[in-house]
Each structure stands twice: as C-alpha cells, then as structure tokens.
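Undergrad: Sharing model-v5.pdb (PDB, C-alpha atoms) below.
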```pdb
ATOM      1  CA  MET A   1      35.615  34.019 111.385  1.00  0.00           C
ATOM      2  CA  ALA A   2      33.244  31.533 112.941  1.00  0.00           C
ATOM      3  CA  ARG A   3      32.184  31.832 116.565  1.00  0.00           C
ATOM      4  CA  TYR A   4      33.707  28.883 118.447  1.00  0.00           C
ATOM      5  CA  ILE A   5      31.215  27.098 120.700  1.00  0.00           C
ATOM      6  CA  HIS A   6      32.652  24.822 123.375  1.00  0.00           C
ATOM      7  CA  TYR A   7      31.233  24.455 126.887  1.00  0.00           C
ATOM      8  CA  THR A   8      31.822  21.477 129.148  1.00  0.00           C
ATOM      9  CA  ASP A   9      28.662  22.155 131.163  1.00  0.00           C
ATOM     10  CA  PRO A  10      25.782  20.809 129.029  1.00  0.00           C
ATOM     11  CA  ASN A  11      23.334  23.225 130.712  1.00  0.00           C
ATOM     12  CA  SER A  12      25.632  26.241 130.731  1.00  0.00           C
ATOM     13  CA  GLU A  13      23.743  29.535 130.930  1.00  0.00           C
ATOM     14  CA  ASP A  14      26.753  31.246 129.362  1.00  0.00           C
ATOM     15  CA  MET A  15      26.419  28.931 126.379  1.00  0.00           C
ATOM     16  CA  MET A  16      22.734  29.818 126.015  1.00  0.00           C
ATOM     17  CA  ARG A  17      23.508  33.538 126.135  1.00  0.00           C
ATOM     18  CA  ASP A  18      26.356  33.118 123.683  1.00  0.00           C
ATOM     19  CA  LEU A  19      24.160  31.242 121.198  1.00  0.00           C
ATOM     20  CA  GLU A  20      21.347  33.784 121.492  1.00  0.00           C
ATOM     21  CA  GLU A  21      23.739  36.599 120.562  1.00  0.00           C
ATOM     22  CA  ILE A  22      25.093  35.002 117.374  1.00  0.00           C
ATOM     23  CA  PRO A  23      23.555  36.782 114.364  1.00  0.00           C
ATOM     24  CA  ARG A  24      22.319  35.133 111.211  1.00  0.00           C
ATOM     25  CA  CYS A  25      24.717  35.225 108.274  1.00  0.00           C
ATOM     26  CA  PRO A  26      22.724  35.251 105.014  1.00  0.00           C
ATOM     27  CA  GLY A  27      24.486  34.144 101.877  1.00  0.00           C
ATOM     28  CA  ILE A  28      24.806  31.572  99.112  1.00  0.00           C
ATOM     29  CA  CYS A  29      25.579  27.914  99.780  1.00  0.00           C
ATOM     30  CA  PHE A  30      26.893  25.552  97.121  1.00  0.00           C
ATOM     31  CA  PHE A  31      27.458  21.828  97.187  1.00  0.00           C
ATOM     32  CA  MET A  32      29.642  20.540  94.350  1.00  0.00           C
ATOM     33  CA  ASP A  33      30.165  16.837  93.755  1.00  0.00           C
ATOM     34  CA  ILE A  34      32.483  15.150  91.266  1.00  0.00           C
ATOM     35  CA  ASN A  35      30.746  12.259  89.546  1.00  0.00           C
ATOM     36  CA  ARG A  36      32.259   8.761  89.268  1.00  0.00           C
ATOM     37  CA  SER A  37      35.130   9.796  91.540  1.00  0.00           C
ATOM     38  CA  THR A  38      34.820   6.575  93.529  1.00  0.00           C
ATOM     39  CA  ASP A  39      34.667   4.351  90.452  1.00  0.00           C
ATOM     40  CA  ILE A  40      37.898   5.639  88.943  1.00  0.00           C
ATOM     41  CA  LYS A  41      39.847   4.895  92.118  1.00  0.00           C
ATOM     42  CA  TYR A  42      39.231   1.203  91.453  1.00  0.00           C
ATOM     43  CA  GLN A  43      40.084   1.499  87.769  1.00  0.00           C
ATOM     44  CA  GLY A  44      43.443   3.275  87.910  1.00  0.00           C
ATOM     45  CA  GLY A  45      46.215   4.414  90.178  1.00  0.00           C
ATOM     46  CA  LEU A  46      46.741   7.722  91.933  1.00  0.00           C
ATOM     47  CA  LYS A  47      48.487   9.189  88.892  1.00  0.00           C
ATOM     48  CA  ASP A  48      45.277   8.788  86.921  1.00  0.00           C
ATOM     49  CA  TRP A  49      42.522   9.761  89.350  1.00  0.00           C
ATOM     50  CA  GLY A  50      44.659  12.292  91.210  1.00  0.00           C
ATOM     51  CA  ARG A  51      45.354  14.111  87.943  1.00  0.00           C
ATOM     52  CA  LYS A  52      41.659  14.206  87.024  1.00  0.00           C
ATOM     53  CA  LEU A  53      40.598  15.442  90.451  1.00  0.00           C
ATOM     54  CA  ASN A  54      43.276  18.132  90.365  1.00  0.00           C
ATOM     55  CA  ASN A  55      42.137  19.301  86.933  1.00  0.00           C
ATOM     56  CA  THR A  56      38.462  19.235  87.857  1.00  0.00           C
ATOM     57  CA  PHE A  57      38.888  21.166  91.102  1.00  0.00           C
ATOM     58  CA  ASN A  58      41.076  23.701  89.278  1.00  0.00           C
ATOM     59  CA  ASN A  59      38.303  24.331  86.786  1.00  0.00           C
ATOM     60  CA  LEU A  60      35.469  24.341  89.342  1.00  0.00           C
ATOM     61  CA  LEU A  61      37.115  26.370  92.078  1.00  0.00           C
ATOM     62  CA  TYR A  62      40.339  28.128  91.180  1.00  0.00           C
ATOM     63  CA  ALA A  63      39.399  29.386  87.724  1.00  0.00           C
ATOM     64  CA  ASN A  64      36.428  31.184  89.304  1.00  0.00           C
ATOM     65  CA  HIS A  65      38.252  32.174  92.516  1.00  0.00           C
ATOM     66  CA  PHE A  66      35.823  30.095  94.577  1.00  0.00           C
ATOM     67  CA  GLN A  67      38.607  28.417  96.559  1.00  0.00           C
ATOM     68  CA  LYS A  68      38.470  31.150  99.230  1.00  0.00           C
ATOM     69  CA  HIS A  69      34.886  30.153  99.993  1.00  0.00           C
ATOM     70  CA  VAL A  70      35.404  26.409 100.510  1.00  0.00           C
ATOM     71  CA  VAL A  71      34.122  25.477 103.959  1.00  0.00           C
ATOM     72  CA  LYS A  72      34.642  21.746 103.972  1.00  0.00           C
ATOM     73  CA  GLY A  73      35.250  18.762 101.752  1.00  0.00           C
ATOM     74  CA  ILE A  74      33.836  15.285 102.232  1.00  0.00           C
ATOM     75  CA  GLY A  75      35.481  12.882  99.854  1.00  0.00           C
ATOM     76  CA  ASP A  76      35.099  14.489  96.441  1.00  0.00           C
ATOM     77  CA  GLU A  77      32.182  16.720  97.438  1.00  0.00           C
ATOM     78  CA  VAL A  78      32.818  20.272  98.623  1.00  0.00           C
ATOM     79  CA  MET A  79      30.647  22.794 100.420  1.00  0.00           C
ATOM     80  CA  LEU A  80      31.117  26.516  99.759  1.00  0.00           C
ATOM     81  CA  PHE A  81      29.484  29.500 101.387  1.00  0.00           C
ATOM     82  CA  ILE A  82      29.615  33.147 100.292  1.00  0.00           C
ATOM     83  CA  PRO A  83      28.087  35.592 102.794  1.00  0.00           C
ATOM     84  CA  ASP A  84      26.091  38.479 101.351  1.00  0.00           C
ATOM     85  CA  GLU A  85      28.516  41.014 102.765  1.00  0.00           C
ATOM     86  CA  VAL A  86      31.450  39.289 101.061  1.00  0.00           C
ATOM     87  CA  LEU A  87      29.691  39.059  97.703  1.00  0.00           C
ATOM     88  CA  GLN A  88      28.693  42.738  97.809  1.00  0.00           C
ATOM     89  CA  LYS A  89      32.295  43.826  98.387  1.00  0.00           C
ATOM     90  CA  LYS A  90      33.571  42.053  95.270  1.00  0.00           C
ATOM     91  CA  THR A  91      34.452  44.415  92.435  1.00  0.00           C
ATOM     92  CA  SER A  92      33.307  41.956  89.774  1.00  0.00           C
ATOM     93  CA  ASN A  93      31.063  38.888  89.548  1.00  0.00           C
ATOM     94  CA  ASN A  94      29.220  40.207  92.585  1.00  0.00           C
ATOM     95  CA  THR A  95      25.707  39.027  91.721  1.00  0.00           C
ATOM     96  CA  CYS A  96      23.897  35.715  92.011  1.00  0.00           C
ATOM     97  CA  PHE A  97      23.493  35.708  88.233  1.00  0.00           C
ATOM     98  CA  ALA A  98      27.263  36.076  87.726  1.00  0.00           C
ATOM     99  CA  LEU A  99      27.958  33.212  90.145  1.00  0.00           C
ATOM    100  CA  LEU A 100      25.479  30.976  88.331  1.00  0.00           C
ATOM    101  CA  GLU A 101      27.043  31.831  84.971  1.00  0.00           C
ATOM    102  CA  ASP A 102      30.523  31.020  86.302  1.00  0.00           C
ATOM    103  CA  ILE A 103      29.401  27.627  87.560  1.00  0.00           C
ATOM    104  CA  TYR A 104      27.564  26.818  84.344  1.00  0.00           C
ATOM    105  CA  ALA A 105      30.634  27.796  82.299  1.00  0.00           C
ATOM    106  CA  ALA A 106      32.854  25.529  84.389  1.00  0.00           C
ATOM    107  CA  LEU A 107      30.530  22.534  83.967  1.00  0.00           C
ATOM    108  CA  PHE A 108      30.132  23.297  80.254  1.00  0.00           C
ATOM    109  CA  LEU A 109      33.908  23.328  79.724  1.00  0.00           C
ATOM    110  CA  ILE A 110      34.291  20.018  81.543  1.00  0.00           C
ATOM    111  CA  LYS A 111      31.457  18.327  79.665  1.00  0.00           C
ATOM    112  CA  ASN A 112      32.486  19.573  76.223  1.00  0.00           C
ATOM    113  CA  HIS A 113      36.272  19.645  76.440  1.00  0.00           C
ATOM    114  CA  PRO A 114      37.828  17.911  73.397  1.00  0.00           C
ATOM    115  CA  ASP A 115      40.038  15.794  75.672  1.00  0.00           C
ATOM    116  CA  GLN A 116      37.558  13.841  77.771  1.00  0.00           C
ATOM    117  CA  ASP A 117      40.399  12.231  79.727  1.00  0.00           C
ATOM    118  CA  LEU A 118      41.280  15.474  81.532  1.00  0.00           C
ATOM    119  CA  TYR A 119      38.244  16.029  83.769  1.00  0.00           C
ATOM    120  CA  LEU A 120      35.386  14.355  85.590  1.00  0.00           C
ATOM    121  CA  ASN A 121      31.819  15.556  85.187  1.00  0.00           C
ATOM    122  CA  CYS A 122      30.176  17.292  88.122  1.00  0.00           C
ATOM    123  CA  LYS A 123      26.851  18.229  89.681  1.00  0.00           C
ATOM    124  CA  VAL A 124      25.991  21.273  91.782  1.00  0.00           C
ATOM    125  CA  ALA A 125      23.239  22.414  94.160  1.00  0.00           C
ATOM    126  CA  ILE A 126      22.780  26.093  95.075  1.00  0.00           C
ATOM    127  CA  HIS A 127      20.559  27.736  97.679  1.00  0.00           C
ATOM    128  CA  TYR A 128      20.211  31.269  98.998  1.00  0.00           C
ATOM    129  CA  CYS A 129      20.334  30.935 102.782  1.00  0.00           C
ATOM    130  CA  THR A 130      18.866  33.134 105.497  1.00  0.00           C
ATOM    131  CA  GLU A 131      18.680  30.600 108.328  1.00  0.00           C
ATOM    132  CA  VAL A 132      22.395  30.100 108.812  1.00  0.00           C
ATOM    133  CA  HIS A 133      25.015  31.027 111.422  1.00  0.00           C
ATOM    134  CA  ASN A 134      28.791  31.287 111.130  1.00  0.00           C
ATOM    135  CA  ILE A 135      29.635  28.994 114.056  1.00  0.00           C
ATOM    136  CA  THR A 136      31.906  26.039 114.674  1.00  0.00           C
ATOM    137  CA  PHE A 137      32.212  23.393 117.364  1.00  0.00           C
ATOM    138  CA  PHE A 138      35.859  22.707 116.485  1.00  0.00           C
ATOM    139  CA  GLU A 139      38.529  25.207 117.484  1.00  0.00           C
ATOM    140  CA  GLY A 140      40.250  26.966 114.607  1.00  0.00           C
ATOM    141  CA  ALA A 141      37.744  25.800 111.985  1.00  0.00           C
ATOM    142  CA  ASP A 142      35.454  27.996 109.907  1.00  0.00           C
ATOM    143  CA  ASP A 143      31.967  26.575 109.405  1.00  0.00           C
ATOM    144  CA  TYR A 144      28.304  27.362 108.882  1.00  0.00           C
ATOM    145  CA  TYR A 145      25.299  25.689 110.482  1.00  0.00           C
ATOM    146  CA  GLY A 146      21.584  26.146 110.004  1.00  0.00           C
ATOM    147  CA  SER A 147      18.474  24.673 108.436  1.00  0.00           C
ATOM    148  CA  ASP A 148      19.286  26.260 105.072  1.00  0.00           C
ATOM    149  CA  ILE A 149      22.660  24.513 104.940  1.00  0.00           C
ATOM    150  CA  ASP A 150      20.872  21.202 105.484  1.00  0.00           C
ATOM    151  CA  LEU A 151      18.376  22.095 102.749  1.00  0.00           C
ATOM    152  CA  THR A 152      21.191  22.737 100.273  1.00  0.00           C
ATOM    153  CA  ALA A 153      22.482  19.237 100.975  1.00  0.00           C
ATOM    154  CA  ARG A 154      18.968  17.859 100.385  1.00  0.00           C
ATOM    155  CA  LEU A 155      18.888  19.570  96.975  1.00  0.00           C
ATOM    156  CA  MET A 156      21.865  17.423  95.992  1.00  0.00           C
ATOM    157  CA  THR A 157      19.524  14.415  95.933  1.00  0.00           C
ATOM    158  CA  LYS A 158      17.968  15.942  92.802  1.00  0.00           C
ATOM    159  CA  CYS A 159      21.329  16.331  91.072  1.00  0.00           C
ATOM    160  CA  VAL A 160      22.617  14.155  88.280  1.00  0.00           C
ATOM    161  CA  GLU A 161      25.766  14.479  86.216  1.00  0.00           C
ATOM    162  CA  ASN A 162      26.102  17.852  84.456  1.00  0.00           C
ATOM    163  CA  ARG A 163      23.137  19.374  86.292  1.00  0.00           C
ATOM    164  CA  ILE A 164      22.757  22.459  88.471  1.00  0.00           C
ATOM    165  CA  VAL A 165      19.886  22.350  90.962  1.00  0.00           C
ATOM    166  CA  LEU A 166      18.906  25.775  92.269  1.00  0.00           C
ATOM    167  CA  SER A 167      16.374  26.535  94.936  1.00  0.00           C
ATOM    168  CA  GLU A 168      13.538  28.891  94.045  1.00  0.00           C
ATOM    169  CA  LYS A 169      14.943  31.356  96.600  1.00  0.00           C
ATOM    170  CA  PHE A 170      18.232  31.488  94.699  1.00  0.00           C
ATOM    171  CA  TYR A 171      16.434  31.627  91.338  1.00  0.00           C
ATOM    172  CA  ILE A 172      14.475  34.682  92.487  1.00  0.00           C
ATOM    173  CA  LYS A 173      17.756  36.396  93.438  1.00  0.00           C
ATOM    174  CA  VAL A 174      19.084  35.677  89.938  1.00  0.00           C
ATOM    175  CA  VAL A 175      15.917  37.017  88.302  1.00  0.00           C
ATOM    176  CA  ASN A 176      16.160  40.193  90.376  1.00  0.00           C
ATOM    177  CA  ASP A 177      19.752  40.644  89.192  1.00  0.00           C
ATOM    178  CA  LEU A 178      18.603  40.440  85.568  1.00  0.00           C
ATOM    179  CA  ILE A 179      15.833  42.962  86.218  1.00  0.00           C
ATOM    180  CA  ASN A 180      18.319  45.357  87.826  1.00  0.00           C
ATOM    181  CA  MET A 181      20.651  45.022  84.840  1.00  0.00           C
ATOM    182  CA  GLY A 182      17.831  45.422  82.325  1.00  0.00           C
ATOM    183  CA  LEU A 183      18.471  41.999  80.790  1.00  0.00           C
ATOM    184  CA  PRO A 184      15.834  39.543  79.482  1.00  0.00           C
ATOM    185  CA  MET A 185      14.911  36.512  81.566  1.00  0.00           C
ATOM    186  CA  GLU A 186      16.449  34.165  78.972  1.00  0.00           C
ATOM    187  CA  THR A 187      19.941  35.652  79.356  1.00  0.00           C
ATOM    188  CA  GLY A 188      22.815  33.183  79.549  1.00  0.00           C
ATOM    189  CA  CYS A 189      22.193  29.803  81.102  1.00  0.00           C
ATOM    190  CA  LEU A 190      18.719  30.862  82.269  1.00  0.00           C
ATOM    191  CA  ALA A 191      17.592  30.107  78.723  1.00  0.00           C
ATOM    192  CA  ARG A 192      17.850  26.461  79.841  1.00  0.00           C
ATOM    193  CA  VAL A 193      16.217  26.701  83.258  1.00  0.00           C
ATOM    194  CA  SER A 194      13.380  24.271  83.933  1.00  0.00           C
ATOM    195  CA  GLU A 195       9.902  24.902  85.244  1.00  0.00           C
ATOM    196  CA  ARG A 196       9.448  24.981  89.007  1.00  0.00           C
ATOM    197  CA  PHE A 197       9.348  21.646  90.822  1.00  0.00           C
ATOM    198  CA  MET A 198       8.167  20.949  94.376  1.00  0.00           C
ATOM    199  CA  GLU A 199       9.631  18.362  96.742  1.00  0.00           C
ATOM    200  CA  ASN A 200       9.132  17.245 100.332  1.00  0.00           C
ATOM    201  CA  PHE A 201      12.666  16.594 101.496  1.00  0.00           C
ATOM    202  CA  ARG A 202      13.415  14.365 104.454  1.00  0.00           C
ATOM    203  CA  GLY A 203      13.537  16.336 107.691  1.00  0.00           C
ATOM    204  CA  VAL A 204      12.238  19.564 106.096  1.00  0.00           C
ATOM    205  CA  PRO A 205       8.758  20.407 107.452  1.00  0.00           C
ATOM    206  CA  VAL A 206       7.599  22.387 104.378  1.00  0.00           C
ATOM    207  CA  SER A 207       7.673  21.731 100.642  1.00  0.00           C
ATOM    208  CA  THR A 208      10.684  23.123  98.773  1.00  0.00           C
ATOM    209  CA  ALA A 209      10.521  24.722  95.336  1.00  0.00           C
ATOM    210  CA  TYR A 210      13.484  24.264  93.010  1.00  0.00           C
ATOM    211  CA  ARG A 211      14.556  24.345  89.360  1.00  0.00           C
ATOM    212  CA  VAL A 212      17.261  22.609  87.350  1.00  0.00           C
ATOM    213  CA  ILE A 213      19.624  23.598  84.565  1.00  0.00           C
ATOM    214  CA  ASP A 214      21.105  20.743  82.565  1.00  0.00           C
ATOM    215  CA  VAL A 215      24.432  21.620  80.973  1.00  0.00           C
ATOM    216  CA  GLN A 216      24.384  20.959  77.218  1.00  0.00           C
TER     217      GLN A 216
END
```
Have the structure of the file written as structure tokens, please.
TA:
Amino acid sequence: MARYIHYTDPNSEDMMRDLEEIPRCPGICFFMDINRSTDIKYQGGLKDWGRKLNNTFNNLLYANHFQKHVVKGIGDEVMLFIPDEVLQKKTSNNTCFALLEDIYAALFLIKNHPDQDLYLNCKVAIHYCTEVHNITFFEGADDYYGSDIDLTARLMTKCVENRIVLSEKFYIKVVNDLINMGLPMETGCLARVSERFMENFRGVPVSTAYRVIDVQ
C-alpha cells in the first residue's frame, strides 16, 4: 500500500525524513486510452457509449486480469502499474513479453472483431520504471509518483489508434525474456516492432528512445 504523505508544516523535518526513507518501487507502467470515447458521447445516449466502454474495458483489463493493477482513471484513460515483486510472484504471464502479448491480443481482438459495434479502438503506452515511488498525498488512495510515471504519460503523445508505444527500456526487458526462453526475436507481436525512434519530450532533460507496434 502507498505511503501516505500529509504534513501541515511545509518545512517539516519529519516530512523530509519520511520522504528520504521511502524506497523506489521498480515496475511496469501502462497508460491505456480508448479512442473516440468523447465523440460517441455526443452521437448517442448512455446505453450506446456505456455499453461500448463496458465491453472495451472488459477486454482490455478483466480478460487479462489487469484490473487489480489499475491505479487511476481520467476520463476514458487508465493508468496501471505492476511492481516487479508482484509480477515475479505470478504463476503465469509473469514476464514483460507475456504482458506485451496480452495487450497486443486485446487490441487485435477489438480491431478485428466481426461486430465493430461492440468495442472502441484503443492505444497504449508502456514503460519499465525505476524512478518511481509508491506514495500518495490523499488518504486511503494507492498511487505512484516519479519521473518515470511522467515519462510514460509523455509516450502517449506518440500513440495513435491501434498502436502500442513501448519505451526502449521496456523493449530491452522483453528481449531479455525471449533470450531466457530461447525464443527468436521475431516471436509473437515483436515481429511487428518498429525500429528505434528518439524523442525529446517536454520536461524530460534527456532524449528518450522508444518503439511502436501497430496492431494489424
């Protein structure tokens, strides 16, 4: 559970000591956004867009058991975080490669489902985070803060419909999983991964390497 930070003294020495003691919490951050979710609210009633959002979230989150890792939702965009220690304790789908395959499969089903009136297309950004802390400034809430969380949000600016944007740090974790399993680099959705791109994101002092996978 997140460490709750709340001190009324803005220069509290106890607060400084408390913050210094909070360890980093490495793990995988996802941002998932449902495309055109605003448009459809003007085109139909709740029965229409509510049904599509329900179906889409079911496919994105519940079918892959990601719902336990949802940290927050903003409109129709959700942030998820899976700490390393949680991923390692899973008995199945406990690698970065498996997580990527699950997400790709969910987007593929949505994009290619024979009934195109059931779902809304999505876009996803993924980053492997080391600069992150499990803290919250709101009592009773679970949350994660850190420069790597902000970077994951920046990666969303490179997303379009039916695309997964993955940081190079996450891509390297996936490649290492394939090496450990003795699988070729073109296994699964990695057969569609792009070359490496570089970007200078707003507020990030160094260039960021990333790749994309467009769902076919």
Undergrad: Given all atoms listed in the file as the basis, pick out the residue of A:Ile103, A:Cys25, A:Phe97, A:Leu183 nearest to Ala63 in chain A.
TA: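 Between A:Ile103, A:Cys25, A:Phe97, A:Leu183, the residue approaching Ala63 in chain A most closely is A:Ile103.
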Undergrad: Evaluate the PyMOL selection byres ((chain A and resi 111-115) around 12) and record the selected residues as a PDB file with C-alpha atoms, in the coordinates of the input, following the chain and residue labels used in the document.
TA:
```pdb
ATOM      1  CA  ASN A  35      30.746  12.259  89.546  1.00  0.00           C
ATOM      2  CA  LYS A  52      41.659  14.206  87.024  1.00  0.00           C
ATOM      3  CA  ASN A  55      42.137  19.301  86.933  1.00  0.00           C
ATOM      4  CA  THR A  56      38.462  19.235  87.857  1.00  0.00           C
ATOM      5  CA  ASN A  59      38.303  24.331  86.786  1.00  0.00           C
ATOM      6  CA  TYR A 104      27.564  26.818  84.344  1.00  0.00           C
ATOM      7  CA  ALA A 105      30.634  27.796  82.299  1.00  0.00           C
ATOM      8  CA  ALA A 106      32.854  25.529  84.389  1.00  0.00           C
ATOM      9  CA  LEU A 107      30.530  22.534  83.967  1.00  0.00           C
ATOM     10  CA  PHE A 108      30.132  23.297  80.254  1.00  0.00           C
ATOM     11  CA  LEU A 109      33.908  23.328  79.724  1.00  0.00           C
ATOM     12  CA  ILE A 110      34.291  20.018  81.543  1.00  0.00           C
ATOM     13  CA  GLN A 116      37.558  13.841  77.771  1.00  0.00           C
ATOM     14  CA  ASP A 117      40.399  12.231  79.727  1.00  0.00           C
ATOM     15  CA  LEU A 118      41.280  15.474  81.532  1.00  0.00           C
ATOM     16  CA  TYR A 119      38.244  16.029  83.769  1.00  0.00           C
ATOM     17  CA  LEU A 120      35.386  14.355  85.590  1.00  0.00           C
ATOM     18  CA  ASN A 121      31.819  15.556  85.187  1.00  0.00           C
ATOM     19  CA  CYS A 122      30.176  17.292  88.122  1.00  0.00           C
ATOM     20  CA  LYS A 123      26.851  18.229  89.681  1.00  0.00           C
ATOM     21  CA  GLU A 161      25.766  14.479  86.216  1.00  0.00           C
ATOM     22  CA  ASN A 162      26.102  17.852  84.456  1.00  0.00           C
ATOM     23  CA  ARG A 163      23.137  19.374  86.292  1.00  0.00           C
ATOM     24  CA  ASP A 214      21.105  20.743  82.565  1.00  0.00           C
ATOM     25  CA  VAL A 215      24.432  21.620  80.973  1.00  0.00           C
ATOM     26  CA  GLN A 216      24.384  20.959  77.218  1.00  0.00           C
TER      27      GLN A 216
END
```
Undergrad: Just how far from CA of Thr152 in chain A is CA of His133 in chain A, in Å to one decimal?
TA: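 Between these atoms lies a distance of 14.4 Å.
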Undergrad: Within 12 Å of Ile22 in chain A, counting only C-alpha atoms, which residues show up once you throw out same-chain ones fewer than 3 positions away? Write them as a ChimeraX atom specification, please.
TA: /A:2-5,15-19,25,131-136,144-145
Undergrad: Could you take the residues named above and write them with C-alpha atoms, as an mmCIF file, in the frame of the given file?
TA:
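Saved the output as again_31.cif:
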```
data_model
loop_
_atom_site.group_PDB
_atom_site.id
_atom_site.type_symbol
_atom_site.label_atom_id
_atom_site.label_comp_id
_atom_site.auth_asym_id
_atom_site.auth_seq_id
_atom_site.Cartn_x
_atom_site.Cartn_y
_atom_site.Cartn_z
ATOM 1 C CA ALA A 2 33.244 31.533 112.941
ATOM 2 C CA ARG A 3 32.184 31.832 116.565
ATOM 3 C CA TYR A 4 33.707 28.883 118.447
ATOM 4 C CA ILE A 5 31.215 27.098 120.700
ATOM 5 C CA MET A 15 26.419 28.931 126.379
ATOM 6 C CA MET A 16 22.734 29.818 126.015
ATOM 7 C CA ARG A 17 23.508 33.538 126.135
ATOM 8 C CA ASP A 18 26.356 33.118 123.683
ATOM 9 C CA LEU A 19 24.160 31.242 121.198
ATOM 10 C CA CYS A 25 24.717 35.225 108.274
ATOM 11 C CA GLU A 131 18.680 30.600 108.328
ATOM 12 C CA VAL A 132 22.395 30.100 108.812
ATOM 13 C CA HIS A 133 25.015 31.027 111.422
ATOM 14 C CA ASN A 134 28.791 31.287 111.130
ATOM 15 C CA ILE A 135 29.635 28.994 114.056
ATOM 16 C CA THR A 136 31.906 26.039 114.674
ATOM 17 C CA TYR A 144 28.304 27.362 108.882
ATOM 18 C CA TYR A 145 25.299 25.689 110.482
#
```
Undergrad: Return the single residue from A:Cys129, A:Arg196, A:Phe137, A:Glu20 that is closest to His6 in chain A, with distances computed using all atoms listed in the file.
TA: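 With all atoms listed in the file as the atom set, the closest residue is A:Phe137.
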Undergrad: Between A:Met79, A:Leu46, A:Val174, A:Leu61, single out the one closest to Asn94 in chain A, counting only C-alpha atoms.
TA: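 Checking each candidate against Asn94 in chain A, we get A:Val174 as the closest.
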Undergrad: To test your reading of the syntax: which residues would the PyMOL selection byres ((chain A and resi 154) around 10) return for the file shown? Reply as a list in words.
TA: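 Taken over the shown coordinates, the PyMOL selection byres ((chain A and resi 154) around 10) returns Phe31, Ala125, Asp148, Ile149, Asp150, Leu151, Thr152, Ala153, Leu155, Met156, Thr157, Lys158, Cys159, Asn200, Phe201, Arg202, Gly203, Val204 and Thr208 of chain A.
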Undergrad: Determine the nearest neighbour of Gln88 in chain A from the options A:His65, A:Lys41, A:Gly75, A:Pro26, counting all atoms listed in the file.
TA: A:Pro26
Undergrad: Quick check, in Å to one decimal: how far apart do CA of Lys72 in chain A and CA of Asp143 in chain A lie?
TA: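 According to the coordinates, CA of Lys72 in chain A and CA of Asp143 in chain A are separated by 7.7 Å.
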Undergrad: List as a list in words the protein and nucleic acid residues near Thr187 in chain A, meaning an atom at most 10 Å away when all atoms listed in the file are counted, but skip any in the same chain fewer than 6 places from it.
TA: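 The contact residues come out as Phe97, Glu101, Val175 and Leu178 of chain A.
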Undergrad: Axis-aligned box over every listed atom of range 185-196 of chain A, padded by 8 Å per side: centre and edges in Å to one decimal, as JSON?
TA:
```
{"center_x": 16.1, "center_y": 30.4, "center_z": 83.9, "size_x": 29.4, "size_y": 28.2, "size_z": 26.3}
```
Undergrad: Got a sec to resolve the PyMOL selection byres ((chain A and resi 77) around 7) on this structure and send the residues as a ChimeraX atom specification?
TA: /A:31-34,73-76,78-79
Undergrad: Counting only C-alpha atoms, which of A:Asp102, A:Arg192, A:Glu21, A:Lys90 gets nearest to Tyr62 in chain A?
TA: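 Looking at the shortest contact to Tyr62 in chain A, the residue is A:Asp102.
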Undergrad: To one decimal place, how far is CA of Gly27 in chain A from CA of Phe170 in chain A in Å?
TA: 9.9 Å
Undergrad: Taking all atoms listed in the file into account, which of A:Ser207, A:Ile82, A:Asn54, A:Tyr7 comes nearest Phe138 in chain A?
TA: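 Using all atoms listed in the file, the shortest distance to Phe138 in chain A belongs to A:Tyr7.
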Undergrad: Show me the residues close to (28.4, 32.2, 95.2) - anything with an atom within 9 Å, counting all atoms listed in the file - and format the list as a VMD selection string.
TA: chain A and resid 27 to 30 66 69 80 to 83 87 94 to 96 98 to 100 103 126
